[in-house]
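J.: Below is model.cif; it holds mmCIF, C-alpha atoms.
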data_data
#
loop_
_atom_site.label_atom_id
_atom_site.label_comp_id
_atom_site.auth_asym_id
_atom_site.auth_seq_id
_atom_site.Cartn_x
_atom_site.Cartn_y
_atom_site.Cartn_z
CA MET A 128 92.09 153.63 107.27
CA PRO A 129 91.90 152.85 111.01
CA GLU A 130 94.95 151.22 112.62
CA ARG A 131 94.63 147.64 113.74
CA ASN A 132 94.82 146.84 117.45
CA GLU A 133 98.24 145.95 118.79
CA LEU A 134 98.94 142.25 118.25
CA THR A 135 99.69 140.32 121.45
CA LEU A 136 100.31 136.61 121.98
CA LYS A 137 97.44 136.35 124.46
CA HIS A 138 94.95 138.01 122.13
CA PHE A 139 96.15 136.04 119.11
CA MET A 140 95.98 132.66 120.89
CA SER A 141 92.59 133.47 122.37
CA GLY A 142 91.17 134.00 118.89
CA LEU A 143 92.87 130.89 117.50
CA LYS A 144 91.55 128.67 120.31
CA ARG A 145 88.06 130.07 119.88
CA ARG A 146 88.11 129.20 116.18
CA ASN A 147 89.71 125.78 116.75
CA PRO A 148 88.27 124.44 120.02
CA GLY A 149 89.78 121.34 121.60
CA GLU A 150 92.68 121.08 119.13
CA THR A 151 95.45 121.01 121.74
CA GLU A 152 98.30 119.85 119.48
CA PHE A 153 97.47 122.55 116.94
CA HIS A 154 97.32 125.18 119.69
CA GLN A 155 100.74 124.08 120.97
CA ALA A 156 102.36 124.24 117.54
CA VAL A 157 100.95 127.69 116.79
CA GLU A 158 101.87 129.09 120.22
CA GLU A 159 105.48 127.96 119.85
CA VAL A 160 105.70 129.77 116.51
CA ALA A 161 103.63 132.82 117.46
CA THR A 162 105.78 133.46 120.55
CA TYR A 163 108.61 134.38 118.19
CA LEU A 164 106.68 135.77 115.25
CA ILE A 165 104.43 138.26 117.01
CA PRO A 166 107.40 140.44 118.11
CA TYR A 167 108.81 140.09 114.59
CA VAL A 168 105.49 141.07 112.97
CA ALA A 169 105.31 144.08 115.32
CA LYS A 170 108.59 145.31 113.83
CA TYR A 171 107.27 144.97 110.27
CA PRO A 172 103.72 146.42 110.14
CA LYS A 173 103.16 145.24 106.55
CA TYR A 174 102.65 141.70 107.89
CA HIS A 175 100.29 142.84 110.65
CA THR A 176 98.26 145.10 108.37
CA ALA A 177 97.75 142.24 105.89
CA GLN A 178 96.90 139.81 108.74
CA ILE A 179 99.52 137.38 107.42
CA LEU A 180 99.92 135.40 110.64
CA GLU A 181 96.14 135.04 111.01
CA ARG A 182 95.88 133.89 107.38
CA MET A 183 98.81 131.52 107.78
CA THR A 184 97.16 129.71 110.72
CA GLU A 185 93.98 129.08 108.71
CA PRO A 186 94.29 126.18 106.23
CA ASP A 187 93.40 126.85 102.60
CA ARG A 188 91.02 123.91 102.85
CA ILE A 189 90.34 120.75 104.84
CA ILE A 190 89.02 117.63 103.14
CA ILE A 191 87.42 114.92 105.32
CA PHE A 192 86.02 111.73 103.82
CA ARG A 193 84.75 108.25 104.62
CA VAL A 194 86.92 105.24 103.74
CA CYS A 195 85.09 101.90 103.45
CA TRP A 196 86.94 98.61 102.94
CA GLU A 197 86.61 94.88 103.66
CA ASP A 198 88.87 92.91 105.99
CA ASP A 199 90.00 89.34 105.29
CA GLN A 200 86.90 87.95 107.00
CA GLY A 201 84.60 89.89 104.69
CA ASN A 202 83.59 92.41 107.36
CA VAL A 203 82.93 95.95 106.19
CA ARG A 204 85.18 98.45 107.99
CA VAL A 205 84.84 102.23 108.12
CA ASN A 206 87.60 104.76 108.75
CA ARG A 207 87.93 108.51 108.38
CA GLY A 208 90.36 110.04 105.90
CA TYR A 209 91.76 113.57 105.88
CA ARG A 210 93.82 115.97 103.79
CA VAL A 211 94.68 119.39 105.22
CA GLN A 212 95.91 121.62 102.39
CA PHE A 213 97.45 124.33 104.52
CA ASN A 214 99.38 126.77 102.35
CA ASN A 215 100.51 126.80 98.70
CA ALA A 216 102.05 130.28 98.56
CA ILE A 217 105.45 129.00 97.41
CA GLY A 218 104.54 125.75 95.66
CA PRO A 219 102.15 122.78 95.53
CA TYR A 220 101.00 121.37 98.86
CA LYS A 221 103.56 118.88 100.17
CA GLY A 222 103.44 116.74 103.28
CA GLY A 223 103.00 113.22 104.54
CA LEU A 224 100.10 110.86 105.08
CA ARG A 225 99.82 109.28 108.53
CA PHE A 226 97.90 106.07 109.24
CA HIS A 227 97.46 105.68 113.00
CA PRO A 228 94.50 105.35 115.41
CA SER A 229 95.46 108.69 117.02
CA VAL A 230 95.02 110.65 113.79
CA ASN A 231 92.58 113.52 114.17
CA LEU A 232 92.19 117.05 112.86
CA SER A 233 94.26 118.63 115.63
CA ILE A 234 97.29 116.45 114.93
CA LEU A 235 97.08 116.92 111.17
CA LYS A 236 96.68 120.68 111.50
CA PHE A 237 99.70 120.92 113.79
CA LEU A 238 101.73 118.84 111.35
CA GLY A 239 100.53 120.85 108.36
CA PHE A 240 101.25 124.14 110.07
CA GLU A 241 104.78 123.03 111.01
CA GLN A 242 105.23 121.91 107.41
CA ILE A 243 104.80 125.51 106.17
CA PHE A 244 108.02 126.57 107.89
CA LYS A 245 109.92 123.35 107.30
CA ASN A 246 109.23 123.34 103.57
CA SER A 247 110.05 127.02 103.30
CA LEU A 248 113.43 126.44 104.98
CA THR A 249 114.44 123.79 102.43
CA THR A 250 114.66 126.54 99.74
CA LEU A 251 112.61 124.26 97.45
CA PRO A 252 109.35 125.51 95.83
CA ILE A 253 106.95 123.43 97.93
CA GLY A 254 103.91 124.41 99.97
CA ALA A 255 102.50 122.62 103.00
CA GLY A 256 99.89 119.98 103.65
CA LYS A 257 99.28 116.90 105.77
CA GLY A 258 96.80 114.05 105.75
CA GLY A 259 96.05 110.50 106.72
CA ALA A 260 93.47 108.33 108.41
CA ASP A 261 92.61 106.77 111.77
CA PHE A 262 93.51 103.38 110.26
CA ASN A 263 96.01 101.17 112.06
CA PRO A 264 98.15 99.09 109.67
CA LYS A 265 99.66 97.13 112.58
CA GLY A 266 98.36 93.59 112.68
CA LYS A 267 96.70 93.89 109.27
CA SER A 268 97.56 91.56 106.41
CA ASP A 269 99.11 92.90 103.23
CA ARG A 270 95.79 92.31 101.45
CA GLU A 271 93.88 94.31 104.06
CA VAL A 272 96.36 97.18 103.84
CA MET A 273 96.08 97.09 100.04
CA ARG A 274 92.28 97.27 100.12
CA PHE A 275 92.35 100.15 102.59
CA CYS A 276 94.97 102.09 100.60
CA GLN A 277 93.03 101.65 97.38
CA ALA A 278 89.80 102.84 99.02
CA PHE A 279 91.61 105.79 100.61
CA MET A 280 93.24 106.83 97.33
CA THR A 281 89.96 106.54 95.40
CA GLU A 282 88.73 109.61 97.29
CA LEU A 283 92.05 111.39 97.85
CA SER A 284 92.87 111.24 94.11
CA LYS A 285 90.19 113.88 93.46
CA HIS A 286 92.19 116.45 95.40
CA ILE A 287 95.88 115.85 94.55
CA GLY A 288 98.19 116.08 91.54
CA GLU A 289 101.81 116.79 90.66
CA SER A 290 101.19 120.53 90.44
CA THR A 291 98.47 120.66 93.10
CA ASP A 292 99.30 118.47 96.10
CA VAL A 293 102.04 115.85 96.39
CA PRO A 294 101.65 113.62 99.49
CA ALA A 295 104.38 111.42 100.96
CA GLY A 296 104.64 108.90 103.78
CA ASP A 297 104.63 109.42 107.54
CA ILE A 298 103.95 107.22 110.58
CA GLY A 299 102.22 104.04 109.40
CA VAL A 300 102.78 104.85 105.73
CA GLY A 301 105.93 103.27 104.36
CA ALA A 302 106.99 101.85 101.02
CA ARG A 303 104.21 99.24 101.02
CA GLU A 304 101.42 101.76 101.57
CA ILE A 305 102.86 104.33 99.13
CA SER A 306 103.11 101.60 96.47
CA PHE A 307 99.50 100.54 96.89
CA MET A 308 98.27 104.14 96.78
CA PHE A 309 100.41 105.09 93.78
CA GLY A 310 99.16 102.05 91.87
CA GLN A 311 95.56 103.02 92.55
CA TYR A 312 96.18 106.66 91.60
CA LYS A 313 97.79 105.53 88.32
CA ARG A 314 94.82 103.27 87.58
CA LEU A 315 92.26 105.99 88.32
CA LYS A 316 93.97 108.79 86.42
CA ASN A 317 95.50 106.73 83.59
CA GLU A 318 98.72 108.71 83.87
CA PHE A 319 102.19 108.20 85.31
CA THR A 320 103.22 111.31 87.22
CA GLY A 321 105.14 112.09 90.40
CA THR A 322 102.00 112.72 92.45
CA LEU A 323 103.31 110.76 95.44
CA THR A 324 106.84 110.73 96.82
CA GLY A 325 108.53 107.95 98.73
CA LYS A 326 107.91 105.62 95.79
CA GLY A 327 109.95 102.51 95.03
CA LEU A 328 113.11 103.01 92.98
CA GLU A 329 111.57 100.88 90.23
CA PHE A 330 108.79 103.40 89.58
CA GLY A 331 110.13 106.89 90.15
CA GLY A 332 111.38 106.90 93.73
CA SER A 333 114.53 108.69 94.85
CA LYS A 334 117.65 107.16 96.29
CA ILE A 335 118.43 107.99 99.96
CA ARG A 336 114.78 108.96 100.60
CA LYS A 337 114.42 106.51 103.49
CA GLU A 338 117.69 107.72 104.99
CA ALA A 339 117.06 111.43 104.42
CA THR A 340 115.26 112.53 107.62
CA GLY A 341 117.67 110.71 109.93
CA PHE A 342 120.77 111.72 107.96
CA GLY A 343 119.59 115.34 107.73
CA CYS A 344 119.01 115.52 111.49
CA ILE A 345 122.59 114.45 112.15
CA TYR A 346 123.99 116.80 109.51
CA PHE A 347 122.18 119.64 111.29
CA MET A 348 123.62 118.65 114.68
CA GLN A 349 127.04 118.41 113.04
CA GLU A 350 126.69 122.02 111.82
CA MET A 351 125.57 123.24 115.26
CA LEU A 352 128.61 121.62 116.85
CA LYS A 353 130.96 123.00 114.18
CA HIS A 354 129.71 126.48 115.03
CA GLN A 355 130.90 126.01 118.66
CA PRO A 356 133.46 124.70 117.44
CA ASP A 357 133.09 120.99 118.32
CA ASP A 358 132.28 117.71 116.55
CA LEU A 359 130.42 114.42 116.89
CA GLN A 360 133.48 112.22 117.42
CA GLY A 361 133.11 110.13 120.57
CA LYS A 362 129.89 111.81 121.75
CA SER A 363 127.44 109.56 123.62
CA CYS A 364 123.98 109.81 122.04
CA THR A 365 120.50 108.78 123.15
CA ILE A 366 117.89 108.20 120.44
CA SER A 367 114.19 107.59 120.93
CA GLY A 368 112.29 105.57 118.38
CA SER A 369 113.40 102.68 116.21
CA GLY A 370 111.57 103.46 112.99
CA ASN A 371 112.90 104.92 109.80
CA VAL A 372 114.13 108.25 111.23
CA ALA A 373 115.76 106.74 114.32
CA GLN A 374 117.43 103.95 112.33
CA TYR A 375 119.19 106.25 109.91
CA ALA A 376 120.00 108.88 112.51
CA ALA A 377 121.75 106.07 114.38
CA LEU A 378 123.56 104.90 111.25
CA LYS A 379 124.90 108.36 110.42
CA LEU A 380 126.02 108.92 114.02
CA ILE A 381 127.89 105.62 113.96
CA GLN A 382 129.51 106.52 110.63
CA LEU A 383 130.62 109.88 112.01
CA GLY A 384 132.22 108.38 115.11
CA ALA A 385 129.55 109.00 117.75
CA LYS A 386 128.33 106.37 120.23
CA VAL A 387 124.61 105.48 120.12
CA ILE A 388 123.51 104.03 123.46
CA THR A 389 119.68 103.91 123.34
CA MET A 390 116.76 103.25 121.02
CA SER A 391 113.10 102.80 121.90
CA ASP A 392 109.67 101.75 120.69
CA SER A 393 106.12 101.92 122.00
CA SER A 394 106.86 99.19 124.57
CA GLY A 395 109.97 100.74 126.16
CA PHE A 396 113.67 101.38 125.53
CA VAL A 397 116.93 99.49 125.46
CA HIS A 398 120.18 100.88 126.88
CA ASP A 399 123.34 99.46 125.33
CA PRO A 400 126.30 100.98 127.25
CA ASP A 401 128.83 99.47 124.83
CA GLY A 402 127.17 101.28 121.94
CA ILE A 403 124.99 100.15 119.05
CA ASN A 404 127.32 99.39 116.13
CA GLU A 405 126.30 98.76 112.52
CA GLU A 406 125.89 95.01 113.10
CA LYS A 407 123.56 95.63 116.05
CA LEU A 408 121.70 98.32 114.11
CA ASN A 409 121.08 95.87 111.25
CA PHE A 410 119.59 93.50 113.84
CA ILE A 411 117.23 96.31 114.94
CA ILE A 412 116.30 97.22 111.36
CA ASP A 413 115.43 93.58 110.62
CA LEU A 414 113.54 93.32 113.91
CA LYS A 415 111.41 96.41 113.23
CA THR A 416 110.92 96.32 109.44
CA VAL A 417 110.78 92.59 108.68
CA LYS A 418 109.82 90.77 111.88
CA ARG A 419 107.89 93.75 113.32
CA GLN A 420 108.81 92.78 116.89
CA SER A 421 109.57 94.70 120.08
CA LEU A 422 113.04 95.94 121.02
CA ALA A 423 112.70 93.61 123.99
CA GLU A 424 113.96 90.95 121.56
CA TYR A 425 117.11 93.02 120.96
CA ALA A 426 117.67 93.26 124.71
CA LYS A 427 117.15 89.52 125.06
CA HIS A 428 119.52 88.69 122.18
CA TYR A 429 122.35 90.91 123.46
CA LYS A 430 121.67 90.18 127.17
CA LEU A 431 120.71 93.75 128.08
CA ASP A 432 118.01 95.19 130.33
CA PHE A 433 114.80 96.30 128.62
CA HIS A 434 113.14 99.29 130.31
CA LYS A 435 109.48 98.52 129.77
CA ASP A 436 107.06 101.45 129.25
CA GLN A 437 109.83 104.02 129.78
CA ARG A 438 111.55 106.63 127.63
CA PRO A 439 115.34 106.92 127.35
CA TRP A 440 115.84 110.47 128.65
CA SER A 441 117.07 109.34 132.10
CA VAL A 442 120.20 107.83 130.53
CA PRO A 443 123.27 110.13 130.78
CA CYS A 444 124.37 111.37 127.37
CA GLN A 445 125.97 114.32 125.62
CA LEU A 446 123.52 114.53 122.70
CA ALA A 447 119.84 113.56 122.50
CA PHE A 448 117.72 112.89 119.42
CA PRO A 449 113.95 112.52 119.98
CA CYS A 450 112.90 110.62 116.83
CA ALA A 451 109.64 108.92 117.82
CA THR A 452 106.53 111.10 118.06
CA GLN A 453 105.07 114.36 119.35
CA ASN A 454 105.42 115.41 123.01
CA GLU A 455 107.70 112.53 123.96
CA LEU A 456 110.17 114.70 125.90
CA ASN A 457 108.68 116.76 128.73
CA GLU A 458 110.10 119.42 131.05
CA GLN A 459 111.02 116.96 133.82
CA GLU A 460 112.85 114.75 131.32
CA ALA A 461 114.60 117.80 129.86
CA LYS A 462 115.88 118.71 133.30
CA ALA A 463 117.12 115.12 133.75
CA LEU A 464 119.04 115.37 130.47
CA LEU A 465 120.58 118.68 131.56
CA HIS A 466 121.48 117.29 134.99
CA ASN A 467 123.23 114.36 133.30
CA GLY A 468 125.39 116.58 131.08
CA CYS A 469 123.49 116.82 127.79
CA ILE A 470 124.87 119.64 125.61
CA GLY A 471 122.66 119.34 122.52
CA VAL A 472 119.24 118.16 121.34
CA ALA A 473 118.05 117.84 117.74
CA GLU A 474 114.46 116.89 116.98
CA GLY A 475 114.10 114.06 114.48
CA ALA A 476 110.35 113.75 114.98
CA ASN A 477 107.68 116.44 114.61
CA MET A 478 107.20 118.49 117.81
CA PRO A 479 108.59 115.77 120.12
CA THR A 480 109.59 118.34 122.77
CA THR A 481 107.01 120.11 124.93
CA ILE A 482 107.08 123.90 125.30
CA GLY A 483 108.28 123.54 128.92
CA ALA A 484 111.14 121.27 127.83
CA ILE A 485 112.18 123.70 125.07
CA GLN A 486 112.27 126.53 127.60
CA ALA A 487 114.44 124.43 129.94
CA PHE A 488 116.95 123.79 127.14
CA GLN A 489 116.99 127.44 126.11
CA ASN A 490 117.38 128.67 129.68
CA ALA A 491 120.40 126.38 130.01
CA LYS A 492 121.66 127.73 126.66
CA ILE A 493 122.45 124.33 125.22
CA LEU A 494 122.15 123.56 121.52
CA PHE A 495 118.51 122.92 120.60
CA ALA A 496 117.32 122.31 117.03
CA PRO A 497 113.56 122.40 116.37
CA GLY A 498 112.15 119.77 114.04
CA LYS A 499 111.11 122.28 111.38
CA ALA A 500 114.86 122.77 110.82
CA SER A 501 116.57 119.54 111.90
CA ASN A 502 114.12 117.04 110.40
CA ALA A 503 113.61 118.90 107.13
CA GLY A 504 115.88 116.43 105.31
CA GLY A 505 113.01 114.07 104.57
CA VAL A 506 110.83 116.60 102.80
CA ALA A 507 113.92 118.05 101.11
CA VAL A 508 114.66 114.74 99.39
CA SER A 509 110.93 114.35 98.66
CA GLY A 510 111.18 117.69 96.86
CA LEU A 511 114.23 116.40 95.00
CA GLU A 512 112.20 113.31 94.05
CA MET A 513 109.59 115.63 92.53
CA THR A 514 112.34 117.32 90.50
CA GLN A 515 113.70 113.98 89.28
CA ASN A 516 110.19 112.87 88.27
CA SER A 517 109.64 116.12 86.37
CA ILE A 518 112.86 115.78 84.34
CA ARG A 519 112.45 111.98 83.96
CA MET A 520 115.82 111.07 85.42
CA SER A 521 117.38 110.02 88.72
CA TRP A 522 120.48 111.17 90.57
CA SER A 523 123.09 109.00 92.28
CA ASN A 524 123.40 108.37 96.03
CA GLU A 525 126.43 110.64 96.14
CA GLU A 526 124.72 113.49 94.29
CA LEU A 527 121.62 113.32 96.47
CA ASP A 528 123.61 113.05 99.70
CA LYS A 529 125.58 116.14 98.70
CA ARG A 530 122.38 118.03 97.87
CA LEU A 531 120.86 116.96 101.21
CA ARG A 532 123.95 118.02 103.15
CA ASP A 533 124.03 121.38 101.33
CA ILE A 534 120.34 121.98 102.14
CA MET A 535 120.90 121.22 105.84
CA ILE A 536 123.95 123.51 105.91
CA ASP A 537 121.84 126.25 104.30
CA ILE A 538 119.01 125.76 106.82
CA HIS A 539 121.52 125.97 109.67
CA GLN A 540 122.90 129.24 108.31
CA LYS A 541 119.40 130.72 108.01
CA CYS A 542 118.78 129.82 111.67
CA VAL A 543 122.06 131.48 112.67
CA ASP A 544 121.27 134.59 110.62
CA HIS A 545 117.84 135.07 112.20
CA GLY A 546 118.44 133.58 115.65
CA SER A 547 121.80 134.97 116.79
CA GLU A 548 121.74 136.80 120.12
CA LYS A 549 124.59 138.17 122.25
CA ASP A 550 125.88 134.89 123.64
CA TYR A 551 123.46 132.32 122.23
CA ILE A 552 121.91 131.17 118.96
CA ASP A 553 118.17 130.68 119.40
CA TYR A 554 117.59 128.09 116.68
CA VAL A 555 113.84 128.04 117.34
CA LYS A 556 113.58 131.77 116.69
CA GLY A 557 115.88 131.51 113.68
CA ALA A 558 113.88 128.70 112.07
CA ASN A 559 110.52 130.35 112.68
CA VAL A 560 111.51 133.79 111.39
CA ALA A 561 113.40 132.46 108.34
CA GLY A 562 110.59 130.07 107.40
CA PHE A 563 107.91 132.72 107.91
CA THR A 564 109.50 135.51 105.89
CA LYS A 565 109.65 133.64 102.58
CA VAL A 566 106.03 132.48 102.74
CA ALA A 567 104.75 135.80 104.12
CA ASP A 568 106.38 137.81 101.32
CA ALA A 569 104.83 135.51 98.72
CA MET A 570 101.41 135.93 100.33
CA LEU A 571 101.82 139.72 100.32
CA ALA A 572 102.69 139.63 96.62
CA TYR A 573 99.40 137.89 95.77
CA GLY A 574 97.24 140.51 97.48
CA VAL A 575 94.28 139.49 99.62
CA LEU A 576 93.54 135.82 98.94
#
Would you mind writing the structure in this file as structure tokens?

T.:
Amino acid sequence: MPERNELTLKHFMSGLKRRNPGETEFHQAVEEVATYLIPYVAKYPKYHTAQILERMTEPDRIIIFRVCWEDDQGNVRVNRGYRVQFNNAIGPYKGGLRFHPSVNLSILKFLGFEQIFKNSLTTLPIGAGKGGADFNPKGKSDREVMRFCQAFMTELSKHIGESTDVPAGDIGVGAREISFMFGQYKRLKNEFTGTLTGKGLEFGGSKIRKEATGFGCIYFMQEMLKHQPDDLQGKSCTISGSGNVAQYAALKLIQLGAKVITMSDSSGFVHDPDGINEEKLNFIIDLKTVKRQSLAEYAKHYKLDFHKDQRPWSVPCQLAFPCATQNELNEQEAKALLHNGCIGVAEGANMPTTIGAIQAFQNAKILFAPGKASNAGGVAVSGLEMTQNSIRMSWSNEELDKRLRDIMIDIHQKCVDHGSEKDYIDYVKGANVAGFTKVADAMLAYGVL
């Protein structure tokens, strides 16, 4: 049998870009992972011979469909729906649904690819997928959102199931949207199963699910600091975003004695030098989840400056938590954080930090946690929701919080085990190698599929 050509990053990325033209977000996600995995694969020829990395970057299948619905004026509207079922080597496909005008195949493939490693790190038996639609729920009435969700699920229901593919929420898909979709799935299938996670507590949802991603991100940062050793007490923290992840990251930081000084939304950011306490955070949660208004109203209420159309990374801090969206922290902003004394960054969002920014943090040898490790808490509790649905019972807040904390501690240890170098722990390397190995070994066991 002839030997395969030596695997190089340049050659690998050239082939991937040729097969997936124009998908810049997907290219970025794969390059970040492949930078670490190609040297690892070179050390273990079994993975190279079986073309595991090439197979892992090709989704099992991609489903694209039309979604037709009527708005409140009786106009027929057309959107595009997607489900990328990326890899089910270690369990049923698992990953969120995103409703946002920016949704396209590149974004969903990057998210689905990242999900392979994130889900593997949780230790739970869940594979990876991602989906959604270019539908914007903002400004739509509840009835319009309901009609869209029902139309979307009518097609998606053909491709999912509790042992096949278990979607959850993501940007634009919260409790309201999950409820509408679960109701439609139940009606179509005439069965009550845990085919969606993020459900309401009244019909199979899990406690602390909405808190899980934000809480998990802070637990991971807590473990990184402990390893120094250090702690969160008194640390000044900048957070981007003001949605679910940012809200509960802020809450956990406040509970653990840190000082949260920024939050942001699509219109800009607010800097509160005195710190956002629980009372102020409740104001923000009401503002964003009930009133659906800009953080400019928070600034107005508390007589603070609102930094319109800006991101918070110019504000001096010790810890930073990008919790909004992809590529929201670039190399220039990373250098500003470093210049202002930042000692640690943990990603709460998916791929919020550009490759140049990651390199800047690593060159400075500060703590940097990639999202596939630090924001795995959300999918971890989604996996625990699947377990609770399967055994027809629910666990308490305390039990679930303990399980979440234990999972984040375990992920941190995996990153340390695989990412330790002479004087630095490369958490990106650790997360990528640890996440890859479990899935790759399962794929090898199945033969050529």

J.: Name the closest residue to Ser229 of chain A among the candidates A:Gln540, A:Asn263, A:Ser141, A:Asn457; distances are taken between atoms, counting all atoms listed in the file.

T.: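 Under the stated criterion, the closest residue is A:Asn263.
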
J.: Kindly provide, as AutoDock Vina command-line options, the centre and edge lengths (Å, one decimal) of an axis-aligned box around all atoms of segment 404-415 of chain A given in the file, with 5 Å on each side.

T.:
--center_x 119.4 --center_y 96.4 --center_z 113.4 --size_x 25.9 --size_y 16.1 --size_z 15.5

J.: Do you know which residues the PyMOL selection byres ((chain A and resi 241) around 12) returns on this file, as a PDB file with C-alpha atoms, keeping the file's coordinate frame?

T.:
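Result went into expr.pdb, see below:
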ATOM      1  CA  GLU A 152      98.300 119.850 119.480  1.00  0.00           C
ATOM      2  CA  PHE A 153      97.470 122.550 116.940  1.00  0.00           C
ATOM      3  CA  HIS A 154      97.320 125.180 119.690  1.00  0.00           C
ATOM      4  CA  GLN A 155     100.740 124.080 120.970  1.00  0.00           C
ATOM      5  CA  ALA A 156     102.360 124.240 117.540  1.00  0.00           C
ATOM      6  CA  VAL A 157     100.950 127.690 116.790  1.00  0.00           C
ATOM      7  CA  GLU A 158     101.870 129.090 120.220  1.00  0.00           C
ATOM      8  CA  GLU A 159     105.480 127.960 119.850  1.00  0.00           C
ATOM      9  CA  VAL A 160     105.700 129.770 116.510  1.00  0.00           C
ATOM     10  CA  ALA A 161     103.630 132.820 117.460  1.00  0.00           C
ATOM     11  CA  MET A 183      98.810 131.520 107.780  1.00  0.00           C
ATOM     12  CA  THR A 184      97.160 129.710 110.720  1.00  0.00           C
ATOM     13  CA  PRO A 186      94.290 126.180 106.230  1.00  0.00           C
ATOM     14  CA  PHE A 213      97.450 124.330 104.520  1.00  0.00           C
ATOM     15  CA  ASN A 214      99.380 126.770 102.350  1.00  0.00           C
ATOM     16  CA  LYS A 221     103.560 118.880 100.170  1.00  0.00           C
ATOM     17  CA  GLY A 222     103.440 116.740 103.280  1.00  0.00           C
ATOM     18  CA  GLY A 223     103.000 113.220 104.540  1.00  0.00           C
ATOM     19  CA  ILE A 234      97.290 116.450 114.930  1.00  0.00           C
ATOM     20  CA  LEU A 235      97.080 116.920 111.170  1.00  0.00           C
ATOM     21  CA  LYS A 236      96.680 120.680 111.500  1.00  0.00           C
ATOM     22  CA  PHE A 237      99.700 120.920 113.790  1.00  0.00           C
ATOM     23  CA  LEU A 238     101.730 118.840 111.350  1.00  0.00           C
ATOM     24  CA  GLY A 239     100.530 120.850 108.360  1.00  0.00           C
ATOM     25  CA  PHE A 240     101.250 124.140 110.070  1.00  0.00           C
ATOM     26  CA  GLN A 242     105.230 121.910 107.410  1.00  0.00           C
ATOM     27  CA  ILE A 243     104.800 125.510 106.170  1.00  0.00           C
ATOM     28  CA  PHE A 244     108.020 126.570 107.890  1.00  0.00           C
ATOM     29  CA  LYS A 245     109.920 123.350 107.300  1.00  0.00           C
ATOM     30  CA  ASN A 246     109.230 123.340 103.570  1.00  0.00           C
ATOM     31  CA  SER A 247     110.050 127.020 103.300  1.00  0.00           C
ATOM     32  CA  LEU A 248     113.430 126.440 104.980  1.00  0.00           C
ATOM     33  CA  GLY A 254     103.910 124.410  99.970  1.00  0.00           C
ATOM     34  CA  ALA A 255     102.500 122.620 103.000  1.00  0.00           C
ATOM     35  CA  GLY A 256      99.890 119.980 103.650  1.00  0.00           C
ATOM     36  CA  LYS A 257      99.280 116.900 105.770  1.00  0.00           C
ATOM     37  CA  ALA A 476     110.350 113.750 114.980  1.00  0.00           C
ATOM     38  CA  ASN A 477     107.680 116.440 114.610  1.00  0.00           C
ATOM     39  CA  MET A 478     107.200 118.490 117.810  1.00  0.00           C
ATOM     40  CA  PRO A 497     113.560 122.400 116.370  1.00  0.00           C
ATOM     41  CA  GLY A 498     112.150 119.770 114.040  1.00  0.00           C
ATOM     42  CA  LYS A 499     111.110 122.280 111.380  1.00  0.00           C
ATOM     43  CA  ALA A 500     114.860 122.770 110.820  1.00  0.00           C
ATOM     44  CA  ASN A 502     114.120 117.040 110.400  1.00  0.00           C
ATOM     45  CA  ALA A 503     113.610 118.900 107.130  1.00  0.00           C
ATOM     46  CA  ALA A 558     113.880 128.700 112.070  1.00  0.00           C
ATOM     47  CA  ASN A 559     110.520 130.350 112.680  1.00  0.00           C
ATOM     48  CA  GLY A 562     110.590 130.070 107.400  1.00  0.00           C
ATOM     49  CA  PHE A 563     107.910 132.720 107.910  1.00  0.00           C
TER      50      PHE A 563
END

J.: List the spatial neighbours of segment 402-410 of chain A as a PyMOL selection string - criterion: any atom at most 12 Å away, all atoms listed in the file, same-chain residues fewer than 2 positions off excluded.

T.: chain A and resi 361-366+369-371+373-390+397-400+412-422+424-426+428-429+431+444

J.: Pick out the residues sitting within 8 Å of segment 293-303 of chain A, and hand them over as a list in words; count all atoms listed in the file, and ignore anything fewer than 5 positions along from it in its own chain.

T.: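 Here the qualifying residues turn out to be Pro219, Tyr220, Lys221, Gly222, Gly223, Leu224, Arg225, Phe226, His227, Gly256, Lys257, Gly258, Asn263, Pro264, Ile287, Gly288, Gly321, Thr322, Leu323, Thr324, Gly325, Lys326, Gly327 and Ser509 of chain A.
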
J.: Using only C-alpha atoms, list the residues that have an atom at most 7 Å from (114.2, 113.5, 93.1), coordinates as in the file, as a PyMOL selection string.

T.: chain A and resi 333+508-516+521

J.: Any chance you could work out the residue set of the PyMOL selection byres ((chain A and resi 190) around 6) here, as a list in words?

T.: Ile189, Ile191, Tyr209 and Arg210 of chain A

J.: Let me make sure I understand: among A:Asp533, A:Lys137, A:Val560, A:Phe488, which one has the smallest atom-to-atom distance to Thr250 of chain A if we use only C-alpha atoms?

T.: A:Asp533

J.: Given the file above and the PyMOL selection byres ((chain A and resi 567) around 12), which residues are selected, and can you give them as an NGL selection string?

T.: :A and (164 or 168 or 171 or 173-175 or 177-184 or 214-217 or 243-244 or 247 or 559-566 or 568-575)

J.: Which is closest to Gln355 of chain A among A:Ala473, A:Leu143, A:Ile485, A:Val543, if we use only C-alpha atoms?

T.: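 Of A:Ala473, A:Leu143, A:Ile485, A:Val543, the one nearest Gln355 of chain A, counting only C-alpha atoms, is A:Val543.
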
J.: Under the rule that all atoms listed in the file are counted, which of A:His286, A:Arg207, A:Lys334, A:Arg146 is the nearest residue to Arg530 of chain A?

T.: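 Residue with the minimum atom-to-atom distance to Arg530 of chain A: A:Lys334.
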
J.: In Å, rounded to a single decimal, give me how far atom CA of Phe433 of chain A is from atom CA of Leu464 of chain A.

T.: 19.6 Å

J.: Hey, which of A:Ile345, A:Gly504, A:Asp553, A:Asn490 ends up closest to Ala447 of chain A? Count all atoms listed in the file.

T.: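 Selected residue with least distance to Ala447 of chain A: A:Ile345.
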